[in-house]
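J.: This is the content of entry29.txt (compact mmCIF, C-alpha atoms):
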# COMPACT_ATOMS: atom_id res chain seq x y z
CA MET U 169 3.88 -20.87 25.41
CA MET U 170 5.50 -20.80 21.98
CA ASP U 171 2.14 -19.96 20.40
CA CYS U 172 1.72 -17.01 22.75
CA ILE U 173 5.13 -15.62 21.77
CA MET U 174 4.39 -16.00 18.05
CA ASP U 175 0.99 -14.30 18.50
CA GLY U 176 2.67 -11.40 20.29
CA VAL U 177 5.22 -11.02 17.49
CA THR U 178 2.38 -11.10 14.94
CA VAL U 179 0.53 -8.34 16.81
CA LEU U 180 3.72 -6.27 16.88
CA PHE U 181 4.18 -6.65 13.10
CA LEU U 182 0.52 -5.80 12.43
CA ALA U 183 0.77 -2.68 14.61
CA GLY U 184 3.94 -1.57 12.81
CA GLY U 185 2.32 -2.05 9.42
CA LEU U 186 -0.76 -0.10 10.49
CA PHE U 187 1.48 2.71 11.75
CA PHE U 188 3.23 2.99 8.39
CA PHE U 189 -0.08 2.87 6.49
CA ILE U 190 -1.55 5.65 8.65
CA THR U 191 1.62 7.72 8.16
CA ALA U 192 1.36 7.27 4.38
CA THR U 193 -2.29 8.35 4.47
CA ILE U 194 -1.55 11.48 6.48
CA GLY U 195 1.26 12.37 4.09
CA LEU U 196 -0.96 11.81 1.06
CA LEU U 197 -3.63 14.09 2.51
CA ARG U 198 -1.50 16.87 3.96
CA PHE U 199 1.55 17.39 1.72
CA PRO U 200 1.30 20.18 -0.88
CA ASP U 201 2.88 18.63 -3.98
CA LEU U 202 3.07 15.49 -6.08
CA TYR U 203 6.71 14.80 -5.26
CA THR U 204 6.27 15.22 -1.51
CA ARG U 205 3.17 13.01 -1.60
CA LEU U 206 5.16 10.35 -3.46
CA HIS U 207 7.87 10.67 -0.82
CA ALA U 208 5.32 9.81 1.85
CA THR U 209 3.39 7.06 0.07
CA GLY U 210 6.25 5.30 -1.69
CA LYS U 211 7.97 4.34 1.53
CA GLY U 212 4.99 4.02 3.83
CA ASP U 213 3.09 1.71 1.51
CA THR U 214 6.00 -0.63 0.82
CA LEU U 215 6.97 -0.98 4.47
CA GLY U 216 3.40 -1.28 5.76
CA ALA U 217 2.41 -3.99 3.29
CA SER U 218 5.66 -5.92 3.86
CA LEU U 219 5.32 -5.80 7.65
CA ILE U 220 1.68 -6.94 7.68
CA LEU U 221 2.38 -9.80 5.23
CA LEU U 222 5.41 -10.87 7.30
CA GLY U 223 3.32 -10.88 10.48
CA LEU U 224 0.59 -12.99 8.87
CA GLY U 225 3.24 -15.40 7.59
CA LEU U 226 4.61 -15.79 11.12
CA TYR U 227 1.09 -16.49 12.36
CA SER U 228 0.57 -19.29 9.83
CA GLY U 229 3.77 -21.18 10.64
CA ILE U 230 5.47 -23.28 7.96
CA SER U 231 2.91 -23.91 5.23
CA THR U 232 2.06 -23.18 1.60
CA THR U 233 0.24 -20.01 2.60
CA THR U 234 3.41 -18.63 4.16
CA ALA U 235 5.30 -19.29 0.93
CA LYS U 236 2.63 -17.42 -1.03
CA LEU U 237 2.71 -14.52 1.44
CA LEU U 238 6.52 -14.31 1.20
CA ILE U 239 6.36 -14.35 -2.61
CA MET U 240 3.79 -11.56 -2.50
CA MET U 241 5.97 -9.58 -0.05
CA ILE U 242 9.01 -9.86 -2.33
CA PHE U 243 6.88 -8.86 -5.33
CA ILE U 244 5.53 -5.78 -3.53
CA MET U 245 9.02 -4.78 -2.36
CA LEU U 246 10.22 -5.03 -5.99
CA THR U 247 7.32 -3.34 -7.79
CA SER U 248 6.14 -0.59 -5.45
CA PRO U 249 9.34 1.54 -5.73
CA VAL U 250 9.32 0.92 -9.49
CA ALA U 251 5.76 2.23 -9.73
CA THR U 252 6.64 5.29 -7.64
CA HIS U 253 9.65 6.01 -9.83
CA THR U 254 7.60 5.58 -13.01
CA ILE U 255 4.95 8.09 -11.94
CA SER U 256 7.49 10.66 -10.76
CA ARG U 257 9.55 10.33 -13.95
CA ALA U 258 6.45 10.73 -16.12
CA VAL U 259 5.33 13.86 -14.27
CA TYR U 260 8.87 15.32 -14.30
CA ASN U 261 9.22 14.75 -18.05
CA LYS U 262 5.88 16.48 -18.49
CA GLY U 263 7.46 19.61 -17.00
CA VAL U 264 5.88 19.98 -13.57
CA LYS U 265 8.11 22.00 -11.24
CA PRO U 266 8.55 20.90 -7.61
CA TRP U 267 6.84 22.96 -4.92
CA VAL U 268 8.98 25.54 -3.09
CA ARG U 269 8.11 27.59 -0.04
CA GLU U 270 7.26 31.23 -0.73
CA VAL U 271 10.00 33.51 0.69
CA ASP U 272 8.92 36.96 1.92
CA GLY U 273 10.72 40.02 0.52
CA MET L 155 -8.37 -13.29 20.44
CA MET L 156 -6.41 -13.20 17.19
CA GLN L 157 -9.64 -13.07 15.19
CA GLU L 158 -10.60 -9.83 16.95
CA ILE L 159 -7.15 -8.36 16.28
CA PHE L 160 -7.52 -9.21 12.58
CA GLU L 161 -10.99 -7.59 12.62
CA TYR L 162 -9.68 -4.36 14.14
CA THR L 163 -6.73 -4.27 11.74
CA THR L 164 -9.12 -4.64 8.79
CA LEU L 165 -11.36 -1.87 10.13
CA CYS L 166 -8.40 0.52 10.57
CA LEU L 167 -7.22 -0.24 7.03
CA LEU L 168 -10.74 0.40 5.68
CA ALA L 169 -10.83 3.78 7.46
CA THR L 170 -7.47 4.83 5.96
CA THR L 171 -8.67 3.63 2.54
CA LEU L 172 -11.69 5.92 2.81
CA LEU L 173 -9.36 8.83 3.67
CA CYS L 174 -7.27 8.02 0.58
CA LEU L 175 -10.41 7.96 -1.57
CA TYR L 176 -10.84 11.64 -0.68
CA ARG L 177 -7.56 12.39 -2.48
CA ALA L 178 -8.57 10.14 -5.38
CA ILE L 179 -11.87 11.97 -5.89
CA VAL L 180 -10.97 15.58 -5.03
CA GLY L 181 -7.27 15.53 -6.04
CA PRO L 182 -6.52 18.67 -8.05
CA GLU L 183 -4.35 17.08 -10.75
CA PRO L 184 -4.60 13.73 -12.60
CA TRP L 185 -1.30 12.44 -11.15
CA ASP L 186 -2.54 13.00 -7.60
CA ARG L 187 -5.41 10.67 -8.45
CA ALA L 188 -2.92 8.16 -9.90
CA ILE L 189 -0.87 7.91 -6.71
CA ALA L 190 -4.03 7.79 -4.59
CA ILE L 191 -5.26 4.85 -6.69
CA ASN L 192 -1.86 3.16 -6.24
CA VAL L 193 -2.12 3.49 -2.44
CA VAL L 194 -5.71 2.24 -2.41
CA GLY L 195 -4.68 -0.79 -4.49
CA THR L 196 -1.90 -1.72 -2.05
CA LYS L 197 -4.28 -1.42 0.88
CA THR L 198 -6.85 -3.55 -0.94
CA ILE L 199 -4.29 -6.35 -1.29
CA ILE L 200 -3.72 -6.39 2.47
CA ILE L 201 -7.47 -6.20 3.18
CA VAL L 202 -8.14 -9.21 0.91
CA VAL L 203 -5.46 -11.26 2.69
CA LEU L 204 -6.88 -10.28 6.10
CA ILE L 205 -10.40 -11.23 4.99
CA GLY L 206 -9.03 -14.63 4.02
CA TYR L 207 -7.65 -15.03 7.55
CA LEU L 208 -10.95 -13.85 9.06
CA PHE L 209 -13.10 -16.33 7.13
CA ASP L 210 -10.59 -19.22 7.38
CA SER L 211 -10.57 -19.65 3.61
CA LEU L 212 -7.02 -19.08 2.47
CA TYR L 213 -7.87 -19.10 -1.25
CA PHE L 214 -8.12 -15.33 -0.87
CA VAL L 215 -4.31 -15.20 -0.86
CA ASP L 216 -4.24 -16.25 -4.53
CA VAL L 217 -6.74 -13.50 -5.34
CA ALA L 218 -4.46 -11.03 -3.57
CA ILE L 219 -1.44 -12.15 -5.65
CA VAL L 220 -3.38 -11.52 -8.87
CA TYR L 221 -4.51 -8.16 -7.53
CA ALA L 222 -0.89 -7.20 -6.81
CA LEU L 223 0.04 -7.95 -10.44
CA PHE L 224 -2.88 -5.90 -11.75
CA ASN L 225 -2.02 -3.00 -9.43
CA PHE L 226 1.52 -2.75 -10.83
CA ILE L 227 0.37 -2.93 -14.46
CA LEU L 228 -2.32 -0.30 -13.76
CA THR L 229 0.21 2.13 -12.29
CA VAL L 230 2.66 1.74 -15.19
CA ALA L 231 -0.16 2.22 -17.73
CA LEU L 232 -1.44 5.33 -15.91
CA SER L 233 2.04 6.90 -15.90
CA LYS L 234 2.43 6.19 -19.63
CA GLN L 235 -0.96 7.82 -20.18
CA ILE L 236 0.14 10.88 -18.17
CA GLU L 237 3.47 11.25 -19.98
CA PHE L 238 2.54 10.58 -23.60
CA GLY L 239 -1.22 11.08 -23.64
CA GLY L 240 -1.71 7.47 -24.74
CA LEU L 241 -0.27 4.01 -24.39
Show me, as structure tokens, the structure contained in the file I just sent.

T.:
Amino acid sequence: MMDCIMDGVTVLFLAGGLFFFITATIGLLRFPDLYTRLHATGKGDTLGASLILLGLGLYSGISTTTAKLLIMMIFIMLTSPVATHTISRAVYNKGVKPWVREVDG
Amino acid sequence: MMQEIFEYTTLCLLATTLLCLYRAIVGPEPWDRAIAINVVGTKTIIIVVLIGYLFDSLYFVDVAIVYALFNFILTVALSKQIEFGGL
């Protein structure tokens, strides 16, 4: 009974992570500019990876693997926003203007 | 049951990785390629962990930790290259 509940929670976490990854991919493909693409991928990637790692940790129970997965989750939550910020700062210092919608007249 | 769910999750992640490779190859500017490579690296970490669960050999988790470190260093080095034209 308890195993069934934990498996269901794991499936929920995996589905949430897949949803965020697919959202990040659609944003990366469809948005017009670097900054908007970073807006999509920076959040979607961090949340998707964290949710899937958390779900796998719940599936394993209390073990060394869960500790490693949690360490990896914390590391990704620390470094992925830093990487996003580094790329956007580099491109902004290079002088690339953000995209604006063309206004008629 | 759970093995099949892990299989389908891995297949969905592989499909989205292929879609991201389109941006990495075609992407009009160098920085578009940089963020596409960042996304592909994050997805690769998750795929390696899931493959470890599929094959019941959890040593793959250590490989994924090392890959996460390399992914971060790669992104910082690429942004330095974009900003200053060198490291």

J.: For chain U, which residues have at least one atom within 6 Å of chain L, if we go by all atoms listed in the file? Write them as a PyMOL selection string, please.

T.: chain U and resi 255+258+262

J.: Export, as a PDB file, in the frame of the given file, the selected residues with C-alpha atoms.

T.:
ATOM      1  CA  ILE U 255       4.950   8.090 -11.940  1.00  0.00           C
ATOM      2  CA  ALA U 258       6.450  10.730 -16.120  1.00  0.00           C
ATOM      3  CA  LYS U 262       5.880  16.480 -18.490  1.00  0.00           C
TER       4      LYS U 262
END

J.: Which distance in Å separates atom CA of L:Asp210 and atom CA of U:Ser228, to one decimal?

T.: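 Computed distance, atom CA of L:Asp210 to atom CA of U:Ser228, equals 11.4 Å.
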
J.: Determine, counting only C-alpha atoms, which protein, DNA and RNA residues have an atom within 6 Å of an atom of U:Phe181; residues of the same chain fewer than 4 positions away are not included. Present the result as a list in words.

T.: Leu219, Ile220 and Gly223 of chain U

J.: One number please: atom CA of U:Gly184 to atom CA of U:Leu237, in Å, one decimal.

T.: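 One can read the atom CA of U:Gly184 to atom CA of U:Leu237 distance as 17.3 Å.
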
J.: Which residues come within 12 Å of U:Lys211, counting all atoms listed in the file, excluding same-chain residues fewer than 6 positions away, as a list in words?

T.: Gly185, Phe188, Phe189, Ile190, Thr191, Ala192, Thr193, Gly195, Leu196, Thr204, Arg205, Ala217, Ser218, Ile244, Met245, Ser248, Pro249, Val250, Ala251, Thr252 and His253 of chain U; Val193 of chain L

J.: Name the closest residue to L:Pro182 among the candidates U:Leu224, U:Arg257, U:Leu197, U:Leu215; distances are taken between atoms, counting only C-alpha atoms.

T.: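 Between U:Leu224, U:Arg257, U:Leu197, U:Leu215, the residue approaching L:Pro182 most closely is U:Leu197.
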
J.: Of the candidates U:Val179, U:Ile173, U:Leu202, U:Val271, which one gets nearest to U:Val259 if we count all atoms listed in the file?

T.: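 Smallest separation from U:Val259 among the options: U:Leu202.
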
J.: Give me, as an mmCIF file with C-alpha atoms, in the coordinates of the input, all polymer residues having an atom no more than 7 Å from U:Tyr203, counting only C-alpha atoms and skipping those fewer than 2 positions away in the same chain.

T.:
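As a result, part25.cif now contains:
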data_model
loop_
_atom_site.group_PDB
_atom_site.id
_atom_site.type_symbol
_atom_site.label_atom_id
_atom_site.label_comp_id
_atom_site.auth_asym_id
_atom_site.auth_seq_id
_atom_site.Cartn_x
_atom_site.Cartn_y
_atom_site.Cartn_z
ATOM 1 C CA ASP U 201 2.880 18.630 -3.980
ATOM 2 C CA ARG U 205 3.170 13.010 -1.600
ATOM 3 C CA LEU U 206 5.160 10.350 -3.460
ATOM 4 C CA HIS U 207 7.870 10.670 -0.820
ATOM 5 C CA SER U 256 7.490 10.660 -10.760
ATOM 6 C CA PRO U 266 8.550 20.900 -7.610
#

J.: Between U:Thr209, U:Leu226, U:Met170, U:Ile194, which has the minimum distance to U:Leu182 (counting all atoms listed in the file)?

T.: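 Among U:Thr209, U:Leu226, U:Met170, U:Ile194, it is U:Leu226 that comes nearest to U:Leu182.
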
J.: Hey, which of U:Arg269, U:Tyr227, U:Leu221, U:Gly212 ends up closest to U:Thr178? Count all atoms listed in the file.

T.: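 Between U:Arg269, U:Tyr227, U:Leu221, U:Gly212, the residue approaching U:Thr178 most closely is U:Tyr227.
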
J.: Which one is closest to U:Pro200: U:Gly263, U:Ser231, U:Val268, U:Asp171? Count only C-alpha atoms.

T.: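 Comparing U:Gly263, U:Ser231, U:Val268, U:Asp171 against U:Pro200, the winner is U:Val268.
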
J.: Kindly give the distance, in Å, that separates atom CA of U:Ala183 and atom CA of U:Gly216, rounded to a single decimal.

T.: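 One can read the atom CA of U:Ala183 to atom CA of U:Gly216 distance as 9.3 Å.
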
J.: Which residues, written as a compact mmCIF listing (two decimals) with C-alpha atoms, in the coordinates of the input, have at least one atom at most 8 Å from L:Phe214, with all atoms listed in the file counted and residues fewer than 6 positions away on the same chain left out?

T.:
# COMPACT_ATOMS: atom_id res chain seq x y z
CA VAL L 202 -8.14 -9.21 0.91
CA VAL L 203 -5.46 -11.26 2.69
CA ILE L 205 -10.40 -11.23 4.99
CA GLY L 206 -9.03 -14.63 4.02

J.: If I wrap all listed atoms of stretch 206-211 of chain U in a box with edges along x, y and z and add 3 Å on each side, what are its centre and edge lengths in Å to one decimal, as lines of an AutoDock Vina configuration file?

T.:
center_x = 5.7
center_y = 7.5
center_z = -0.8
size_x = 10.6
size_y = 12.3
size_z = 11.3
